[in-house]
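S.K.: After the structure tokens below, expect a handful of questions from me.
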Amino acid sequence: MKIGHFVKQPQGFKAFVPAPFPIKEGFPLSPALADKASFATNAIGKLAGVTQLLPDIDFFIYMYVYKDATSSSQIEGTKATMIDAIEATSKTSENLPSDVDDILHYIQALNYGLKKLEELPLCLRFICEIHKELMDNARSTHFSDPGNFRKSQNWIGGTSPANASFVPPPVHEMHKALDDLEKFIHSRDGILPIVKAALMHAQFETIHPFLDGNGRAGRLLIILYLWVNKLIEQPTLFLSSYFKKHQKTYYSKLDGYHNDEVDAWLDFFLDGVIDTSNEAIASVKKIHTLREQDMKKIHALGKTAAESSVKILPLLFKSPIVNVNNIQQWTGFTRQGAQKIIDRFVNLDILQLKDEHKTYGRSFIYRQYVDIFKE
């Protein structure tokens with residue numbers, strides 16, 4: 001499978017020029033890969049079934065978006081954590097790393113994309129809009145043109161194209177490759193959607209059409225492609241944590257892809273789908289068990305105390321780090337009444353003080369729940 005070839009440029013360096021895509025011979029799967037693709041598709045189906053156990057799937061999606069946004073940003077060097085991102089959203093801390101902004105922009109771009117796909121197909125214009133949401137006014141933006149395809153040569157590794165580890169297509173070849181990719185995304189070619197998502201991601205990263213933010217934009221496209229093509233009913237399959245866990249392999253398999261090692265990339269990607277689906281299924285079961293366990297604790301308080309507490313627990317699944325202000329906003333209680341609720345949840349070992357050294361501006365964490373997503 002010849003994905004492309006390296007062509008010497010007038011400036012002396014060699015840049016990768018993709019072959020017309022999809023390649024002429026197509027992407028026939030070996031029996032082993034075909035079985036794995038089928039297994040991966042079934043795993044996604046099982047995940048969809050298990051999420052029906054949850055009384056509210058939105059909080060599950062909400063937390064997985066945090067997890068994926070964090071992992072995808074950390075692949076690019078962000079140091080901020082998922083907990084930092086949750087605290088930034090709930091406004092429970094003022095001393096957060098500045099690069100938490102990268103995670104918040106990723107979440108913003110994903111939410112924008114899911115909404116925008118209701119009116120726009122997954123096309124080049126859509127990809128540019130996603131990139132703009134991801135990079136516009138973001139801390140990590142090093143260039144002044146978010147949302148526009150590059151107009152100059154970029155490179156990966158090294159200090160210039162001459163000593164780079166990989167040089168993506170020159171601008172005129174980039175536009176041809178992007179047009180091919182757009183047609184591929186919309187073609188009815190009989191390729192399994194999960195395989196097509198893998199090929200789309202690798203081809204996008206090979207083209208590297210932006211000056212910055214290609215990795216995060218490319219990983220966003222996976223979930224958006226699967227969702228718009230109805231392989232998933234809800235955005236519940238996020239692969240960035242798998243890619244982060246196996247970051248060296250992720251990079252080496254993408255590198256291998258443009259050296260025609262397509263099967264090795266597909267094998268890695270499908271392993272990621274299976275692993276991530278199984279992990280999410282296990283998480284759903286743990287959440288279900290934890291919810292039942294904590295509901296029993298609350299009901300054991302007696303009718304009066306349980307009445308207000310029962311309303312709070314579901315909200316903690318969406319916002320698991322809280323302070324007195326959050327509880328006041330949710331309930332309309334006085335500050336004293338809100339603190340009483342928190343104390344009750346601490347006594348039940350549902351909430352824990354997040355930072356024991358703080359005396360003012362204290363926040364509390366639903367740690368058993370957050371830990372499920374950190375595993």
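Labeling convention for the structure tokens: chains A, B, ... as they appear, residues from 1 per chain, ligands from 1 in order of appearance.
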For Ala162 in chain A, find every residue with an atom within 9 Å (counting only C-alpha atoms), except residues of its own chain fewer than 6 positions away, and show them as a ChimeraX atom specification.
M.R.: /A:11-14
S.K.: Fewer than 6 positions away in the same chain doesn't count, so skip those; otherwise give me all residues within 9 Å of Leu254 in chain A, counting only C-alpha atoms, as a ChimeraX atom specification.
M.R.: /A:202-203,205-206,261-262,265
S.K.: As a VMD selection string, please: every residue in range 122-249 of chain A that DSSP puts in alpha helix (DSSP H).
M.R.: chain A and resid 124 to 135 171 to 186 193 to 207 214 to 228 240 to 245 247 to 249
S.K.: Write the selection just made, keeping C-alpha atoms, as a short mmCIF file (atom, residue, chain, number, x, y, z; two decimals), in the first residue's frame?
M.R.:
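The resulting file, part32.cif, is shown below:
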data_model
loop_
_atom_site.label_atom_id
_atom_site.label_comp_id
_atom_site.auth_asym_id
_atom_site.auth_seq_id
_atom_site.Cartn_x
_atom_site.Cartn_y
_atom_site.Cartn_z
CA LEU A 124 -12.94 21.11 5.05
CA ARG A 125 -14.85 24.22 6.11
CA PHE A 126 -16.03 22.36 9.22
CA ILE A 127 -12.45 21.26 10.01
CA CYS A 128 -11.29 24.88 9.80
CA GLU A 129 -14.10 26.00 12.13
CA ILE A 130 -13.16 23.32 14.66
CA HIS A 131 -9.52 24.42 14.50
CA LYS A 132 -10.54 28.04 15.11
CA GLU A 133 -12.52 27.04 18.23
CA LEU A 134 -9.58 24.96 19.40
CA MET A 135 -6.85 27.55 18.88
CA VAL A 171 1.16 23.84 0.32
CA HIS A 172 0.01 23.07 -3.25
CA GLU A 173 0.20 19.31 -2.60
CA MET A 174 -1.50 19.80 0.78
CA HIS A 175 -4.61 21.25 -0.89
CA LYS A 176 -4.83 18.30 -3.30
CA ALA A 177 -4.48 15.87 -0.39
CA LEU A 178 -7.15 17.68 1.63
CA ASP A 179 -9.59 17.55 -1.30
CA ASP A 180 -8.96 13.80 -1.57
CA LEU A 181 -9.50 13.37 2.17
CA GLU A 182 -12.80 15.26 2.08
CA LYS A 183 -14.05 13.05 -0.78
CA PHE A 184 -12.91 9.94 1.11
CA ILE A 185 -14.82 11.00 4.25
CA HIS A 186 -18.06 11.25 2.25
CA PRO A 193 -16.64 3.14 9.63
CA ILE A 194 -14.19 2.23 12.41
CA VAL A 195 -11.47 1.47 9.83
CA LYS A 196 -12.34 4.63 7.94
CA ALA A 197 -11.96 6.68 11.13
CA ALA A 198 -8.48 5.21 11.62
CA LEU A 199 -7.45 5.97 8.03
CA MET A 200 -8.92 9.48 8.20
CA HIS A 201 -6.96 10.30 11.36
CA ALA A 202 -3.65 8.99 10.02
CA GLN A 203 -4.10 10.72 6.66
CA PHE A 204 -5.00 14.02 8.36
CA GLU A 205 -1.90 13.85 10.57
CA THR A 206 0.23 13.03 7.52
CA ILE A 207 -1.12 16.09 5.66
CA ASN A 214 -2.90 19.36 14.12
CA GLY A 215 -2.73 16.57 16.72
CA ARG A 216 -5.60 17.85 18.83
CA ALA A 217 -7.72 18.71 15.77
CA GLY A 218 -7.07 15.25 14.31
CA ARG A 219 -8.08 13.48 17.52
CA LEU A 220 -11.25 15.57 17.73
CA LEU A 221 -12.14 14.45 14.21
CA ILE A 222 -12.19 10.79 15.28
CA ILE A 223 -15.06 11.21 17.77
CA LEU A 224 -16.90 13.63 15.47
CA TYR A 225 -16.63 11.24 12.51
CA LEU A 226 -17.87 8.25 14.54
CA TRP A 227 -20.75 10.30 15.92
CA VAL A 228 -21.94 11.82 12.65
CA SER A 240 -6.91 10.18 23.51
CA SER A 241 -6.24 8.51 26.88
CA TYR A 242 -5.20 5.33 25.04
CA PHE A 243 -2.94 7.35 22.74
CA LYS A 244 -1.46 9.15 25.77
CA LYS A 245 -0.87 5.86 27.61
CA GLN A 247 2.31 7.79 23.26
CA LYS A 248 5.60 6.49 21.81
CA THR A 249 3.77 3.71 19.98
#
S.K.: For range 336-338 of chain A, find every residue with an atom within 9 Å (counting only C-alpha atoms), except residues of its own chain fewer than 2 positions away, and show them as a list in words.
M.R.: Asn323, Val324, Asn325, Asn326, Ile327, Gln328, Thr331, Gly332, Phe333, Thr334, Lys340, Ile341, Ile342 and Asp343 of chain A
S.K.: Those same residues, written as a PDB file, in the first residue's frame with C-alpha atoms?
M.R.:
ATOM      1  CA  ASN A 323     -17.456  24.649  47.351  1.00  0.00           C
ATOM      2  CA  VAL A 324     -20.133  26.339  49.447  1.00  0.00           C
ATOM      3  CA  ASN A 325     -20.943  28.775  46.616  1.00  0.00           C
ATOM      4  CA  ASN A 326     -21.737  25.888  44.245  1.00  0.00           C
ATOM      5  CA  ILE A 327     -24.126  24.299  46.735  1.00  0.00           C
ATOM      6  CA  GLN A 328     -25.807  27.669  47.317  1.00  0.00           C
ATOM      7  CA  THR A 331     -30.133  24.818  46.198  1.00  0.00           C
ATOM      8  CA  GLY A 332     -30.815  28.467  46.976  1.00  0.00           C
ATOM      9  CA  PHE A 333     -29.819  27.710  50.591  1.00  0.00           C
ATOM     10  CA  THR A 334     -28.067  30.186  52.876  1.00  0.00           C
ATOM     11  CA  LYS A 340     -24.410  21.878  56.461  1.00  0.00           C
ATOM     12  CA  ILE A 341     -25.038  19.856  53.265  1.00  0.00           C
ATOM     13  CA  ILE A 342     -21.292  19.637  52.604  1.00  0.00           C
ATOM     14  CA  ASP A 343     -20.595  18.556  56.193  1.00  0.00           C
TER      15      ASP A 343
END
S.K.: Env of His105 in chain A: 12 Å cut, atoms = only C-alpha atoms, seq-sep filter 5 positions within chain, self excluded. Answer as an MDAnalysis selection string.
M.R.: chainID A and resid 65:66 69:70 72:73 85 88:89 99:100 110:112 130:141 213 216:217 220
S.K.: For C-alpha atoms, I'd like the residues from the last selection saved as a CSV table (one decimal), in the first residue's frame.
M.R.:
chain,number,residue,atom,x,y,z
A,65,VAL,CA,-14.9,14.9,27.6
A,66,TYR,CA,-12.8,16.2,30.5
A,69,ALA,CA,-9.5,16.8,26.5
A,70,THR,CA,-6.8,16.4,29.2
A,72,SER,CA,-5.2,15.0,24.1
A,73,SER,CA,-3.7,18.2,25.4
A,85,ALA,CA,-10.0,21.6,34.3
A,88,ALA,CA,-11.6,25.9,36.3
A,89,THR,CA,-15.2,25.2,35.2
A,99,ASP,CA,-2.1,25.7,30.4
A,100,VAL,CA,-5.5,24.5,31.7
A,110,LEU,CA,-15.7,19.4,20.8
A,111,ASN,CA,-19.0,20.9,22.0
A,112,TYR,CA,-19.0,23.3,19.0
A,130,ILE,CA,-13.2,23.3,14.7
A,131,HIS,CA,-9.5,24.4,14.5
A,132,LYS,CA,-10.5,28.0,15.1
A,133,GLU,CA,-12.5,27.0,18.2
A,134,LEU,CA,-9.6,25.0,19.4
A,135,MET,CA,-6.8,27.6,18.9
A,136,ASP,CA,-8.4,31.1,18.8
A,137,ASN,CA,-7.1,33.0,21.8
A,138,ALA,CA,-5.7,29.8,23.3
A,139,ARG,CA,-2.6,29.9,25.5
A,140,SER,CA,-0.9,27.4,23.3
A,141,THR,CA,-1.4,29.3,20.0
A,213,GLY,CA,-2.8,22.2,16.7
A,216,ARG,CA,-5.6,17.8,18.8
A,217,ALA,CA,-7.7,18.7,15.8
A,220,LEU,CA,-11.3,15.6,17.7
S.K.: Which residues of range 163-269 of chain A sit at most 8 Å from range 276-291 of chain A, using only C-alpha atoms? Give each one's shortest atom pair and distance in Å (one decimal place), in chain and ascending residue order, as JSON lines.
M.R.:
{"residue": "A:Leu237", "atom": "CA", "partner": "A:Ser277", "partner_atom": "CA", "distance": 6.7}
{"residue": "A:Phe238", "atom": "CA", "partner": "A:Thr276", "partner_atom": "CA", "distance": 7.2}
{"residue": "A:Leu239", "atom": "CA", "partner": "A:Thr276", "partner_atom": "CA", "distance": 6.5}
{"residue": "A:Tyr242", "atom": "CA", "partner": "A:Thr276", "partner_atom": "CA", "distance": 6.8}
S.K.: Could you write out that same residue set with C-alpha atoms as a compact mmCIF listing (two decimals), in the first residue's frame?
M.R.:
# COMPACT_ATOMS: atom_id res chain seq x y z
CA LEU A 237 -15.78 6.68 22.75
CA PHE A 238 -12.69 8.83 23.35
CA LEU A 239 -9.29 7.46 22.30
CA TYR A 242 -5.20 5.33 25.04
S.K.: Between range 58-157 of chain A and range 300-316 of chain A, at 12 Å or less, what are the per-residue closest atom pairs and their distances in Å? Count only C-alpha atoms, order by chain and rising residue number, and return it as a Markdown table.
M.R.:
| residue | atom | partner | partner_atom | distance |
| --- | --- | --- | --- | --- |
| A:Asp58 | CA | A:Pro314 | CA | 10.9 |
| A:Phe59 | CA | A:Leu315 | CA | 8.5 |
| A:Phe60 | CA | A:Pro314 | CA | 11.2 |
| A:Tyr62 | CA | A:Leu316 | CA | 11.7 |
| A:Met63 | CA | A:Leu316 | CA | 11.1 |
| A:Ile86 | CA | A:Leu316 | CA | 11.5 |
| A:Ser90 | CA | A:Leu316 | CA | 11.1 |
S.K.: Would you mind exporting the chosen residues as a compact mmCIF listing (two decimals), in the first residue's frame, restricted to N, CA and C atoms?
M.R.:
# COMPACT_ATOMS: atom_id res chain seq x y z
N ASP A 58 -25.60 12.06 30.34
CA ASP A 58 -24.91 13.33 30.09
C ASP A 58 -23.72 13.54 31.02
N PHE A 59 -23.87 13.16 32.30
CA PHE A 59 -22.75 13.38 33.23
C PHE A 59 -21.57 12.48 32.86
N PHE A 60 -21.86 11.28 32.37
CA PHE A 60 -20.81 10.34 31.95
C PHE A 60 -20.05 10.94 30.77
N TYR A 62 -19.91 14.08 30.00
CA TYR A 62 -19.26 15.29 30.51
C TYR A 62 -17.88 14.96 31.08
N MET A 63 -17.81 13.92 31.91
CA MET A 63 -16.54 13.54 32.54
C MET A 63 -15.57 12.95 31.52
N ILE A 86 -11.66 20.64 35.78
CA ILE A 86 -12.94 20.62 36.51
C ILE A 86 -13.02 21.84 37.42
N SER A 90 -15.79 24.84 37.50
CA SER A 90 -16.66 25.05 38.68
C SER A 90 -16.25 26.27 39.50
S.K.: Grab the CA of Ile232 in chain A to CA of Pro31 in chain A distance for me, in Å with one decimal place.
M.R.: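 If I compute the distance from CA of Ile232 in chain A to CA of Pro31 in chain A, I get 24.5 Å.
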S.K.: Pick the closest to Pro28 in chain A from A:Asp275, A:Asp102, A:Asp349, A:Asp263: which is it, counting only C-alpha atoms?
M.R.: A:Asp263
S.K.: Would you mind reading off the distance between CA of His258 in chain A and CA of His208 in chain A, one decimal, in Å?
M.R.: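 Distance between the two atoms: 12.0 Å.
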S.K.: Can you list every residue in range 10-196 of chain A that DSSP puts in strand (DSSP E or B), as an MDAnalysis selection string?
M.R.: chainID A and resid 14:18 156 166
S.K.: Selection from above, N, CA and C atoms, as a short mmCIF file (atom, residue, chain, number, x, y, z; two decimals), in the first residue's frame, can you write it?
M.R.:
data_model
loop_
_atom_site.label_atom_id
_atom_site.label_comp_id
_atom_site.auth_asym_id
_atom_site.auth_seq_id
_atom_site.Cartn_x
_atom_site.Cartn_y
_atom_site.Cartn_z
N LYS A 14 13.52 17.16 1.67
CA LYS A 14 12.52 16.26 1.09
C LYS A 14 11.21 16.37 1.86
N ALA A 15 10.12 16.55 1.14
CA ALA A 15 8.78 16.62 1.76
C ALA A 15 7.95 15.44 1.28
N PHE A 16 7.03 15.03 2.13
CA PHE A 16 6.17 13.89 1.80
C PHE A 16 5.01 14.35 0.92
N VAL A 17 4.82 13.68 -0.19
CA VAL A 17 3.70 13.99 -1.09
C VAL A 17 2.77 12.78 -1.12
N PRO A 18 1.56 12.91 -0.57
CA PRO A 18 0.63 11.77 -0.55
C PRO A 18 0.22 11.34 -1.96
N ILE A 156 7.97 18.59 11.33
CA ILE A 156 7.86 17.95 12.64
C ILE A 156 9.25 17.55 13.11
N PHE A 166 10.11 14.71 9.99
CA PHE A 166 9.11 14.52 8.93
C PHE A 166 8.68 15.88 8.40
#
